[in-house]
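Data file: work_15.cif. Format and content: mmCIF, C-alpha atoms.
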data_start
loop_
_atom_site.label_atom_id
_atom_site.label_comp_id
_atom_site.auth_asym_id
_atom_site.auth_seq_id
_atom_site.Cartn_x
_atom_site.Cartn_y
_atom_site.Cartn_z
CA MET T 1 15.34 17.12 -11.21
CA PRO T 2 14.78 14.99 -8.09
CA SER T 3 15.31 11.25 -8.55
CA VAL T 4 13.41 8.29 -7.12
CA ALA T 5 13.99 4.56 -7.31
CA ILE T 6 11.00 2.25 -6.80
CA ILE T 7 12.11 -1.03 -5.21
CA GLY T 8 10.12 -4.13 -4.33
CA THR T 9 7.66 -4.62 -7.20
CA ARG T 10 7.90 -6.87 -10.24
CA GLY T 11 8.69 -3.87 -12.40
CA TYR T 12 7.23 -1.44 -14.92
CA PRO T 13 4.94 -2.08 -16.60
CA SER T 14 3.72 -5.25 -14.93
CA TYR T 15 0.27 -6.66 -14.15
CA TYR T 16 0.99 -9.05 -11.30
CA GLY T 17 -0.78 -7.39 -8.34
CA GLY T 18 -1.69 -4.23 -6.47
CA PHE T 19 1.85 -2.87 -6.17
CA GLU T 20 2.34 -3.24 -9.91
CA THR T 21 -0.95 -1.49 -10.65
CA ALA T 22 0.07 1.38 -8.38
CA VAL T 23 3.44 1.70 -10.12
CA ARG T 24 1.80 1.80 -13.57
CA LYS T 25 -0.17 4.83 -12.36
CA LEU T 26 2.46 6.46 -10.16
CA ALA T 27 5.60 6.31 -12.31
CA PRO T 28 4.26 8.42 -15.23
CA TYR T 29 2.61 10.80 -12.72
CA LEU T 30 5.99 11.41 -11.07
CA CYS T 31 7.59 12.01 -14.47
CA ASP T 32 4.92 14.64 -15.17
CA ALA T 33 5.77 16.23 -11.81
CA GLY T 34 9.43 16.58 -12.77
CA TRP T 35 10.97 13.44 -11.24
CA ASP T 36 13.61 11.17 -12.72
CA VAL T 37 12.01 7.74 -12.14
CA ALA T 38 13.64 4.32 -12.11
CA VAL T 39 11.58 1.20 -11.39
CA TYR T 40 13.39 -1.99 -10.45
CA GLY T 41 11.90 -5.21 -11.77
CA ARG T 42 12.40 -8.80 -12.87
CA GLU T 43 13.13 -10.37 -16.21
CA GLY T 44 9.94 -11.88 -17.64
CA ALA T 45 7.63 -9.95 -15.33
CA VAL T 46 7.61 -6.66 -17.24
CA MET T 47 5.96 -6.00 -20.59
CA PRO T 48 8.32 -3.78 -22.64
CA LYS T 49 5.89 -3.62 -25.58
CA ASP T 50 2.89 -2.63 -23.48
CA PRO T 51 1.01 0.18 -25.28
CA THR T 52 0.63 2.12 -22.03
CA LEU T 53 4.39 2.20 -21.37
CA ASP T 54 5.79 5.66 -20.68
CA PRO T 55 9.31 5.88 -22.19
CA ARG T 56 10.36 8.43 -19.57
CA VAL T 57 10.25 5.73 -16.88
CA ARG T 58 13.50 3.77 -16.66
CA SER T 59 12.96 0.05 -16.15
CA VAL T 60 15.94 -1.55 -14.40
CA LEU T 61 15.99 -5.36 -14.29
CA THR T 62 18.06 -7.21 -11.70
CA ARG T 63 18.58 -10.86 -10.92
CA GLY T 64 17.09 -12.94 -8.12
CA LEU T 65 15.56 -16.28 -7.20
CA ASP T 66 12.05 -16.53 -8.62
CA SER T 67 10.52 -18.72 -5.92
CA LYS T 68 7.57 -18.25 -3.59
CA SER T 69 9.70 -17.82 -0.47
CA LEU T 70 12.81 -16.07 -1.79
CA SER T 71 11.77 -13.86 -4.70
CA THR T 72 10.94 -10.72 -2.72
CA LEU T 73 14.09 -10.94 -0.60
CA SER T 74 16.49 -11.78 -3.43
CA PHE T 75 15.21 -9.28 -6.00
CA GLY T 76 14.93 -6.62 -3.30
CA PHE T 77 18.56 -7.22 -2.38
CA THR T 78 19.92 -6.88 -5.94
CA ALA T 79 17.75 -3.81 -6.59
CA SER T 80 18.98 -2.18 -3.40
CA LEU T 81 22.61 -2.93 -4.34
CA ASP T 82 22.12 -1.23 -7.69
CA ALA T 83 20.46 1.75 -5.98
CA LEU T 84 23.59 2.15 -3.84
CA ARG T 85 25.48 2.67 -7.10
CA THR T 86 23.06 5.13 -8.73
CA LYS T 87 22.22 6.93 -5.44
CA PRO T 88 18.74 8.35 -6.07
CA ASP T 89 17.53 11.13 -3.81
CA VAL T 90 14.85 8.89 -2.35
CA ALA T 91 13.76 5.26 -2.65
CA LEU T 92 10.12 4.19 -2.54
CA VAL T 93 10.38 0.70 -1.05
CA MET T 94 7.39 -1.61 -1.31
CA ASN T 95 6.90 -4.43 1.25
CA VAL T 96 8.54 -4.73 4.67
CA ALA T 97 10.48 -7.82 3.55
CA ASN T 98 12.82 -5.24 2.01
CA GLY T 99 13.27 -3.62 5.42
CA TYR T 100 16.51 -5.59 5.78
CA TYR T 101 18.12 -3.37 3.13
CA LEU T 102 17.13 -0.03 4.63
CA PRO T 103 20.27 0.30 6.80
CA MET T 104 22.56 0.17 3.77
CA LEU T 105 20.39 2.64 1.85
CA ARG T 106 20.52 4.95 4.84
CA ALA T 107 24.31 4.58 5.10
CA ARG T 108 24.54 5.69 1.44
CA GLY T 109 22.47 8.79 2.22
CA ILE T 110 19.38 7.62 0.34
CA LYS T 111 16.11 8.68 1.96
CA THR T 112 13.46 5.95 2.12
CA VAL T 113 9.67 5.92 2.03
CA VAL T 114 8.33 2.42 2.78
CA ASN T 115 4.90 1.09 1.87
CA VAL T 116 4.43 -1.54 4.57
CA ASP T 117 1.72 -3.43 2.65
CA GLY T 118 -0.43 -5.73 4.81
CA ILE T 119 0.37 -7.59 8.00
CA GLU T 120 2.34 -10.29 6.18
CA TRP T 121 3.12 -12.30 9.32
CA ASP T 122 -0.63 -12.88 9.75
CA ARG T 123 -1.00 -14.51 6.34
CA ALA T 124 -1.85 -18.21 6.35
CA LYS T 125 0.18 -18.88 3.20
CA TRP T 126 3.48 -18.30 5.02
CA GLY T 127 5.16 -20.81 7.30
CA ARG T 128 6.76 -19.98 10.62
CA ALA T 129 10.16 -19.09 9.11
CA ALA T 130 8.67 -16.74 6.51
CA LYS T 131 6.48 -15.04 9.11
CA SER T 132 9.57 -14.47 11.23
CA VAL T 133 11.35 -12.93 8.25
CA PHE T 134 8.51 -10.51 7.61
CA ARG T 135 8.28 -9.58 11.27
CA GLY T 136 12.02 -8.89 11.35
CA GLY T 137 11.76 -6.77 8.20
CA ALA T 138 8.92 -4.82 9.80
CA ARG T 139 11.02 -4.08 12.88
CA LEU T 140 13.84 -2.75 10.71
CA ALA T 141 11.38 -0.69 8.65
CA ALA T 142 9.98 0.81 11.84
CA ARG T 143 13.50 1.64 13.01
CA CYS T 144 15.21 2.74 9.78
CA ALA T 145 12.63 4.07 7.29
CA ASP T 146 12.50 7.84 6.99
CA SER T 147 8.75 7.66 6.32
CA LEU T 148 6.09 4.97 6.23
CA VAL T 149 3.01 4.58 4.05
CA TYR T 150 -0.09 2.68 5.20
CA ASP T 151 -2.81 1.82 2.69
CA SER T 152 -5.53 1.65 5.37
CA ARG T 153 -6.33 3.24 8.71
CA GLU T 154 -6.51 -0.20 10.29
CA ILE T 155 -2.97 -1.02 9.13
CA GLU T 156 -1.83 2.33 10.54
CA ARG T 157 -3.46 1.43 13.86
CA ARG T 158 -1.62 -1.90 13.97
CA TRP T 159 1.74 -0.29 13.27
CA ARG T 160 1.18 2.41 15.86
CA SER T 161 0.29 -0.29 18.39
CA ASP T 162 3.02 -2.80 17.49
CA PHE T 163 5.91 -0.50 16.55
CA GLY T 164 5.04 2.99 17.72
CA ARG T 165 5.30 4.50 14.22
CA THR T 166 2.89 6.78 12.40
CA GLY T 167 3.08 7.73 8.74
CA HIS T 168 1.13 8.65 5.61
CA PHE T 169 -2.26 7.11 4.86
CA ILE T 170 -2.31 6.47 1.09
CA PRO T 171 -4.81 3.89 -0.18
CA TYR T 172 -5.21 2.57 -3.73
CA GLY T 173 -7.22 4.15 -6.51
CA GLY T 174 -9.87 2.87 -8.85
CA GLU T 175 -10.15 3.51 -12.56
CA ARG T 176 -13.48 4.62 -14.00
CA VAL T 177 -14.12 3.65 -17.61
CA ASP T 178 -16.88 3.96 -20.17
CA GLN T 179 -19.09 0.99 -20.92
CA LEU T 180 -16.99 -1.98 -22.04
CA PRO T 181 -18.13 -4.98 -24.09
CA ILE T 182 -19.24 -7.94 -22.02
CA GLU T 183 -17.37 -11.25 -22.14
CA PRO T 184 -18.89 -13.59 -24.76
CA GLY T 185 -21.34 -16.04 -23.22
CA LEU T 186 -22.13 -13.85 -20.20
CA ARG T 187 -24.89 -11.30 -19.60
CA HIS T 188 -24.93 -8.04 -17.68
CA ARG T 189 -25.55 -8.60 -13.93
CA GLY T 190 -25.98 -12.28 -14.70
CA TYR T 191 -22.94 -13.91 -13.08
CA ALA T 192 -20.99 -14.13 -9.83
CA LEU T 193 -17.34 -13.11 -9.94
CA VAL T 194 -14.26 -13.64 -7.78
CA VAL T 195 -10.86 -12.08 -8.54
CA ALA T 196 -8.01 -13.12 -6.25
CA ARG T 197 -4.69 -14.83 -5.89
CA PHE T 198 -5.24 -18.44 -4.82
CA VAL T 199 -4.14 -18.32 -1.20
CA PRO T 200 -6.17 -19.41 1.86
CA GLU T 201 -6.48 -15.95 3.40
CA ASN T 202 -8.40 -14.80 0.30
CA THR T 203 -11.18 -17.27 1.22
CA ILE T 204 -10.67 -19.15 -2.03
CA PRO T 205 -11.24 -22.67 -0.57
CA GLU T 206 -14.56 -21.56 0.96
CA PHE T 207 -15.65 -19.77 -2.21
CA LEU T 208 -14.94 -22.84 -4.33
CA GLU T 209 -17.29 -24.85 -2.14
CA ALA T 210 -19.90 -22.11 -2.40
CA ALA T 211 -19.44 -21.95 -6.19
CA THR T 212 -21.07 -25.35 -6.63
CA THR T 213 -24.25 -24.05 -4.96
CA ILE T 214 -24.17 -20.66 -6.69
CA SER T 215 -23.66 -22.25 -10.11
CA LYS T 216 -27.04 -24.00 -9.87
CA GLN T 217 -28.73 -20.59 -10.30
CA MET T 218 -26.16 -18.43 -12.12
CA PRO T 219 -22.75 -18.71 -13.83
CA VAL T 220 -19.63 -18.34 -11.69
CA VAL T 221 -16.51 -16.69 -13.12
CA ILE T 222 -13.17 -17.22 -11.35
CA VAL T 223 -10.16 -15.01 -12.13
CA GLY T 224 -6.75 -15.68 -10.61
CA SER T 225 -4.26 -18.42 -9.81
CA SER T 226 -1.62 -19.25 -7.24
CA GLY T 227 1.15 -18.21 -9.61
CA TYR T 228 3.06 -21.38 -8.79
CA GLY T 229 0.48 -24.13 -9.36
CA GLY T 230 -0.81 -26.35 -6.61
CA ASP T 231 -3.91 -27.81 -4.98
CA LEU T 232 -6.20 -24.81 -5.42
CA ASP T 233 -5.35 -24.46 -9.12
CA ASN T 234 -6.02 -28.17 -9.61
CA ARG T 235 -9.30 -27.90 -7.73
CA VAL T 236 -10.54 -25.00 -9.86
CA GLU T 237 -9.53 -26.80 -13.03
CA SER T 238 -11.54 -29.82 -11.89
CA LEU T 239 -14.57 -27.68 -11.05
CA GLN T 240 -14.52 -26.09 -14.50
CA ARG T 241 -14.17 -29.45 -16.21
CA ASP T 242 -17.11 -30.98 -14.32
CA ASN T 243 -19.45 -27.97 -14.24
CA SER T 244 -20.27 -26.01 -17.39
CA ASN T 245 -21.62 -23.12 -15.29
CA ILE T 246 -18.20 -22.44 -13.72
CA GLN T 247 -15.54 -20.68 -15.82
CA TRP T 248 -11.90 -20.19 -14.81
CA PHE T 249 -10.03 -17.46 -16.70
CA GLY T 250 -6.76 -17.77 -14.81
CA HIS T 251 -4.60 -14.66 -14.45
CA ILE T 252 -5.75 -11.83 -16.74
CA SER T 253 -3.16 -9.26 -17.88
CA ASP T 254 -5.55 -7.44 -20.23
CA ASP T 255 -6.81 -4.54 -18.11
CA ARG T 256 -9.87 -3.84 -20.24
CA ARG T 257 -11.03 -7.44 -20.13
CA LEU T 258 -10.71 -7.55 -16.33
CA LEU T 259 -12.43 -4.17 -15.92
CA ALA T 260 -15.30 -5.39 -18.09
CA LEU T 261 -15.79 -8.45 -15.89
CA TRP T 262 -16.19 -6.22 -12.82
CA GLN T 263 -18.36 -3.73 -14.67
CA HIS T 264 -20.92 -6.32 -15.74
CA ALA T 265 -20.81 -8.64 -12.70
CA GLY T 266 -24.03 -9.44 -10.89
CA VAL T 267 -22.13 -9.94 -7.62
CA TYR T 268 -18.43 -9.65 -6.93
CA PHE T 269 -17.19 -11.71 -3.98
CA HIS T 270 -14.21 -10.21 -2.14
CA GLY T 271 -12.66 -12.67 0.29
CA HIS T 272 -9.38 -10.93 1.19
CA SER T 273 -8.90 -11.04 4.93
CA VAL T 274 -5.49 -9.73 6.03
CA GLY T 275 -4.53 -6.90 3.68
CA GLY T 276 -5.40 -3.27 4.12
CA THR T 277 -7.14 -1.32 1.37
CA ASN T 278 -7.17 -4.00 -1.32
CA PRO T 279 -6.74 -2.66 -4.87
CA THR T 280 -9.12 -5.21 -6.39
CA LEU T 281 -11.89 -4.12 -4.03
CA VAL T 282 -11.36 -0.43 -4.78
CA GLN T 283 -11.36 -1.17 -8.52
CA ALA T 284 -14.52 -3.23 -8.26
CA MET T 285 -16.22 -0.34 -6.42
CA ALA T 286 -15.11 2.21 -9.02
CA LEU T 287 -16.78 0.09 -11.71
CA GLY T 288 -19.97 -0.30 -9.73
CA ALA T 289 -19.68 -4.02 -9.01
CA PRO T 290 -22.22 -5.01 -6.31
CA THR T 291 -20.02 -6.55 -3.64
CA VAL T 292 -20.32 -9.28 -1.02
CA ALA T 293 -17.18 -9.22 1.14
CA ARG T 294 -15.68 -11.26 3.91
CA ASP T 295 -16.37 -9.47 7.17
CA THR T 296 -13.07 -7.87 8.23
CA PRO T 297 -12.15 -4.43 9.60
CA TYR T 298 -10.26 -3.71 6.37
CA ASN T 299 -13.19 -4.49 4.07
CA ARG T 300 -15.63 -2.56 6.26
CA GLU T 301 -13.29 0.45 6.20
CA VAL T 302 -13.23 0.48 2.41
CA LEU T 303 -16.81 -0.48 1.55
CA GLY T 304 -18.58 1.42 4.32
CA ASP T 305 -22.29 0.74 3.94
CA THR T 306 -22.13 0.05 0.19
CA GLY T 307 -21.65 -3.73 0.38
CA LEU T 308 -22.76 -6.86 2.22
CA PHE T 309 -20.54 -8.72 4.69
CA VAL T 310 -20.40 -12.44 5.43
CA ASP T 311 -18.56 -14.91 7.62
CA PRO T 312 -16.01 -17.08 5.80
CA ASN T 313 -18.02 -20.26 5.40
CA PRO T 314 -19.36 -21.74 2.14
CA ASP T 315 -23.06 -21.74 3.08
CA ALA T 316 -23.03 -18.09 4.18
CA ILE T 317 -21.16 -17.04 1.03
CA ALA T 318 -23.53 -18.87 -1.31
CA GLU T 319 -26.61 -17.55 0.51
CA ALA T 320 -25.40 -13.92 0.46
CA VAL T 321 -24.29 -13.98 -3.18
CA LEU T 322 -27.56 -15.50 -4.41
CA ALA T 323 -29.72 -13.25 -2.22
CA ALA T 324 -27.97 -10.15 -3.59
CA ALA T 325 -28.08 -11.36 -7.20
CA LEU T 326 -31.82 -12.05 -7.12
CA ASP T 327 -32.72 -8.64 -5.64
CA GLU T 328 -32.30 -6.50 -8.78
CA PRO T 329 -33.41 -3.12 -7.31
CA SER T 330 -31.00 -3.46 -4.38
CA LEU T 331 -28.31 -4.65 -6.75
CA GLU T 332 -28.40 -1.43 -8.75
CA GLN T 333 -28.53 0.64 -5.57
CA MET T 334 -25.39 -1.12 -4.31
CA SER T 335 -23.70 -0.52 -7.64
CA ARG T 336 -24.33 3.23 -7.63
CA ALA T 337 -23.36 3.62 -3.96
CA ALA T 338 -20.06 1.77 -4.42
CA ALA T 339 -19.11 3.80 -7.49
CA ARG T 340 -19.96 7.05 -5.68
CA ARG T 341 -17.85 6.09 -2.65
CA ALA T 342 -14.88 5.15 -4.83
CA LYS T 343 -15.11 8.47 -6.67
CA GLU T 344 -15.13 10.37 -3.37
CA LEU T 345 -12.37 8.47 -1.54
CA TYR T 346 -10.30 6.32 -3.90
CA THR T 347 -8.99 7.97 -7.07
CA TRP T 348 -5.60 7.51 -8.66
CA GLU T 349 -5.15 11.27 -8.96
CA SER T 350 -5.36 11.72 -5.19
CA VAL T 351 -3.28 8.59 -4.52
CA CYS T 352 -0.45 9.63 -6.84
CA GLY T 353 -0.53 13.17 -5.50
CA ALA T 354 -0.16 11.87 -1.95
CA TYR T 355 2.84 9.70 -2.92
CA GLU T 356 4.49 12.62 -4.69
CA SER T 357 4.04 14.78 -1.59
CA ALA T 358 5.49 12.06 0.67
CA LEU T 359 8.53 11.66 -1.58
CA ARG T 360 9.10 15.40 -2.01
CA GLU T 361 8.87 15.82 1.76
CA GLN T 362 12.07 13.78 2.02
CA ILE T 363 13.84 15.95 -0.57
CA VAL T 364 12.82 19.06 1.34
CA ALA T 365 14.05 17.50 4.58
CA VAL T 366 17.47 16.88 3.03
CA GLY T 367 17.64 20.45 1.76
CA ALA T 368 16.64 21.88 5.12
CA SER T 369 19.27 19.76 6.87
CA GLY T 370 21.96 20.98 4.49
CA SER T 371 20.95 24.61 5.00
CA ARG T 372 21.15 24.25 8.77
CA GLN T 373 24.62 22.72 8.52
CA GLN T 374 25.83 25.58 6.30
CA GLY T 375 24.43 28.08 8.74
CA LEU T 376 26.37 26.49 11.59
CA VAL T 377 29.60 26.74 9.58
#
Rewrite the coordinates I just gave you, this time as structure tokens.
Amino acid sequence: MPSVAIIGTRGYPSYYGGFETAVRKLAPYLCDAGWDVAVYGREGAVMPKDPTLDPRVRSVLTRGLDSKSLSTLSFGFTASLDALRTKPDVALVMNVANGYYLPMLRARGIKTVVNVDGIEWDRAKWGRAAKSVFRGGARLAARCADSLVYDSREIERRWRSDFGRTGHFIPYGGERVDQLPIEPGLRHRGYALVVARFVPENTIPEFLEAATTISKQMPVVIVGSSGYGGDLDNRVESLQRDNSNIQWFGHISDDRRLLALWQHAGVYFHGHSVGGTNPTLVQAMALGAPTVARDTPYNREVLGDTGLFVDPNPDAIAEAVLAAALDEPSLEQMSRAAARRAKELYTWESVCGAYESALREQIVAVGASGSRQQGLV
């Protein structure tokens, strides 16, 4: 039975972000395919009583500093140290910040497949020091990883240009579900929705300004938070308090509730600007949410011609969201087109299969290397 350790997420099962969603899908899939799977995580971030938990997946919790700037580095370090002890055949490492630990995994004979995530050093939420850390981790990942995974073609292009490395293109998947009950107080196709972590590069400040205009004609539902409190959380709380047509649900861990919000949305606004294939966008498409997105190469790659694209300013966002919401025939056409595209290009079955192939490729490489050495003897 081949063994894999998944390093760099908040654990299994967890509902924090895209990496955690991918692990909830991938870990049981790998168990079905005959792998021994260990997922490293953090105390308080995993849900051991989650009804979807697969008991075959081993959840290994390590210690670290749970802060905005040090959590990824510190938990990645302790997870990597433990992996040196258990020595899995291959490690699936998420996020280039963990690139600093690849040399010691390599020295232990552990093959590594690294999901590079987005271009972290382009993110506005990080200061100069943090951007330098990510850039350094990326250089080490380019030099030391046995294989790389890019979740978008545009990210792959950047890495080929900046570091001269190619790899596997593996995006995220979307989950299709039957009709779910709508949130009390809302009506089908009757509200605007945003789902995002509260950071500037997700166009949250601009959307909050637009929300005041949008709310004059339809309800606005906001899902997400910064995770650490701060100005944007305070601003959304104030908007909700002063405007009965704006609702803030915070972070939602109930998958079915979140899926229902996308499924019934009149318009979903996607403001992510520096990631690759964003899992929230793919999921929104799979559920047929008519989408207005910030105009970026990443969002155009994923949506194709199934959505509308806007510049990141409040007036343009409000105008595009309201124009789409009031054009009911086009709204339903957008919904069907997005769901069809997601079904063709972004399914969890194909995503998990691609990861399993990338991981098994490293096992095969080790076996082939051993056979060649025996032949020489």
Result set, the PyMOL selection byres ((chain T and resi 111-113) around 9) on current file, as a VMD selection string:
chain T and resid 88 to 94 102 105 to 106 108 to 110 114 to 115 144 to 149 358 to 359 362 to 363 366
Record the distance separating atom CA of T:Ser357 and atom CA of T:Glu120, expressed in Å with one decimal.
26.3 Å
Evaluate the PyMOL selection byres ((chain T and resi 68) around 10) on the structure here and hand back the selected residues as number ranges by chain.
T: 65-67, 69-72, 126, 226-228
Quick one: which residues end up in the PyMOL selection byres ((chain T and resi 137-142) around 6) for this structure, as a ChimeraX atom specification?
/T:96-97,99-100,134-136,143-145
Atom CA of T:Ile204 sits from atom CA of T:His270 at a separation of 9.6 Å
Could you jot down the atom CA of T:Val60 to atom CA of T:Asp36 separation for me, Å, one decimal place?
13.0 Å
If I put a ball of radius 12 Å at (-12.4, -4.6, -18.7) in the file's coordinates, which residues poke into it when counting all atoms listed in the file, written as a PyMOL selection string?
chain T and resi 175-183+252-265+283-284+287
Each residue of stretch 84-193 of chain T with at least one atom at most 10 Å from stretch 302-306 of chain T should appear once, together with its nearest atom pair and the corresponding distance in Å (one decimal); atoms considered: all atoms listed in the file; ordering: chain, then increasing residue number; output as a tab-separated table.
residue	atom	partner	partner_atom	distance
T:Ser152	CA	T:Val302	CA	8.3
T:Arg153	CA	T:Val302	CA	9.7
T:Pro171	CA	T:Val302	CA	9.4
Would you list the contacts of T:Arg56 as a VMD selection string, taking every protein, DNA or RNA residue within 12 Å and counting all atoms listed in the file, but skipping same-chain residues closer than 4 positions in sequence?
chain T and resid 12 27 to 39 52
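Comparing T:Ser350, T:Gln333, T:Asn299, T:Thr213 by their smallest distance to T:Ile317, the closest is T:Thr213 (using all atoms listed in the file).
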List the spatial neighbours of stretch 221-225 of chain T as a PDB file with C-alpha atoms, in the coordinates of the input - criterion: any atom at most 10 Å away, all atoms listed in the file, same-chain residues fewer than 3 positions off excluded.
ATOM      1  CA  LEU T 186     -22.130 -13.850 -20.200  1.00  0.00           C
ATOM      2  CA  TYR T 191     -22.940 -13.910 -13.080  1.00  0.00           C
ATOM      3  CA  ALA T 192     -20.990 -14.130  -9.830  1.00  0.00           C
ATOM      4  CA  LEU T 193     -17.340 -13.110  -9.940  1.00  0.00           C
ATOM      5  CA  VAL T 194     -14.260 -13.640  -7.780  1.00  0.00           C
ATOM      6  CA  VAL T 195     -10.860 -12.080  -8.540  1.00  0.00           C
ATOM      7  CA  ALA T 196      -8.010 -13.120  -6.250  1.00  0.00           C
ATOM      8  CA  ARG T 197      -4.690 -14.830  -5.890  1.00  0.00           C
ATOM      9  CA  PHE T 198      -5.240 -18.440  -4.820  1.00  0.00           C
ATOM     10  CA  VAL T 199      -4.140 -18.320  -1.200  1.00  0.00           C
ATOM     11  CA  ILE T 204     -10.670 -19.150  -2.030  1.00  0.00           C
ATOM     12  CA  PHE T 207     -15.650 -19.770  -2.210  1.00  0.00           C
ATOM     13  CA  LEU T 208     -14.940 -22.840  -4.330  1.00  0.00           C
ATOM     14  CA  ALA T 211     -19.440 -21.950  -6.190  1.00  0.00           C
ATOM     15  CA  SER T 215     -23.660 -22.250 -10.110  1.00  0.00           C
ATOM     16  CA  MET T 218     -26.160 -18.430 -12.120  1.00  0.00           C
ATOM     17  CA  TYR T 228       3.060 -21.380  -8.790  1.00  0.00           C
ATOM     18  CA  GLY T 229       0.480 -24.130  -9.360  1.00  0.00           C
ATOM     19  CA  GLY T 230      -0.810 -26.350  -6.610  1.00  0.00           C
ATOM     20  CA  LEU T 232      -6.200 -24.810  -5.420  1.00  0.00           C
ATOM     21  CA  ASP T 233      -5.350 -24.460  -9.120  1.00  0.00           C
ATOM     22  CA  ASN T 234      -6.020 -28.170  -9.610  1.00  0.00           C
ATOM     23  CA  VAL T 236     -10.540 -25.000  -9.860  1.00  0.00           C
ATOM     24  CA  GLN T 240     -14.520 -26.090 -14.500  1.00  0.00           C
ATOM     25  CA  ASN T 245     -21.620 -23.120 -15.290  1.00  0.00           C
ATOM     26  CA  ILE T 246     -18.200 -22.440 -13.720  1.00  0.00           C
ATOM     27  CA  GLN T 247     -15.540 -20.680 -15.820  1.00  0.00           C
ATOM     28  CA  TRP T 248     -11.900 -20.190 -14.810  1.00  0.00           C
ATOM     29  CA  PHE T 249     -10.030 -17.460 -16.700  1.00  0.00           C
ATOM     30  CA  GLY T 250      -6.760 -17.770 -14.810  1.00  0.00           C
ATOM     31  CA  HIS T 251      -4.600 -14.660 -14.450  1.00  0.00           C
ATOM     32  CA  ILE T 252      -5.750 -11.830 -16.740  1.00  0.00           C
ATOM     33  CA  LEU T 258     -10.710  -7.550 -16.330  1.00  0.00           C
ATOM     34  CA  LEU T 261     -15.790  -8.450 -15.890  1.00  0.00           C
ATOM     35  CA  ALA T 265     -20.810  -8.640 -12.700  1.00  0.00           C
ATOM     36  CA  TYR T 268     -18.430  -9.650  -6.930  1.00  0.00           C
TER      37      TYR T 268
END
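Residue nearest T:Pro290, chosen from T:Ile214, T:Val321, T:Val23, T:Ala354 and counting only C-alpha atoms: T:Val321.
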Fewer than 4 positions away in the same chain doesn't count, so skip those; otherwise give me all residues within 10 Å of T:Trp159, counting all atoms listed in the file, as a short mmCIF file (atom, residue, chain, number, x, y, z; two decimals) with C-alpha atoms, in the coordinates of the input.
data_model
loop_
_atom_site.label_atom_id
_atom_site.label_comp_id
_atom_site.auth_asym_id
_atom_site.auth_seq_id
_atom_site.Cartn_x
_atom_site.Cartn_y
_atom_site.Cartn_z
CA VAL T 116 4.43 -1.54 4.57
CA ILE T 119 0.37 -7.59 8.00
CA ALA T 138 8.92 -4.82 9.80
CA ALA T 142 9.98 0.81 11.84
CA LEU T 148 6.09 4.97 6.23
CA TYR T 150 -0.09 2.68 5.20
CA ARG T 153 -6.33 3.24 8.71
CA GLU T 154 -6.51 -0.20 10.29
CA ILE T 155 -2.97 -1.02 9.13
CA PHE T 163 5.91 -0.50 16.55
CA GLY T 164 5.04 2.99 17.72
CA ARG T 165 5.30 4.50 14.22
CA THR T 166 2.89 6.78 12.40
CA GLY T 167 3.08 7.73 8.74
#
Please provide as a list of chain:residue names all residues within 6 Å of T:Val46, with the sequence filter that same-chain residues fewer than 2 positions apart are discarded (counting all atoms listed in the file).
T:Gly11, T:Tyr12, T:Pro13, T:Ser14, T:Gly44
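Each of T:Val4, T:Ala365, T:Leu322, T:Val282 was checked against T:Trp348 using only C-alpha atoms; the smallest atom-to-atom distance is that of T:Val282.
Applying the 7 Å criterion to (-19.5, -11.7, 6.2) in file coordinates and using only C-alpha atoms, one obtains the residues Ala293, Arg294, Asp295, Phe309, Val310, Asp311 and Pro312 of chain T.
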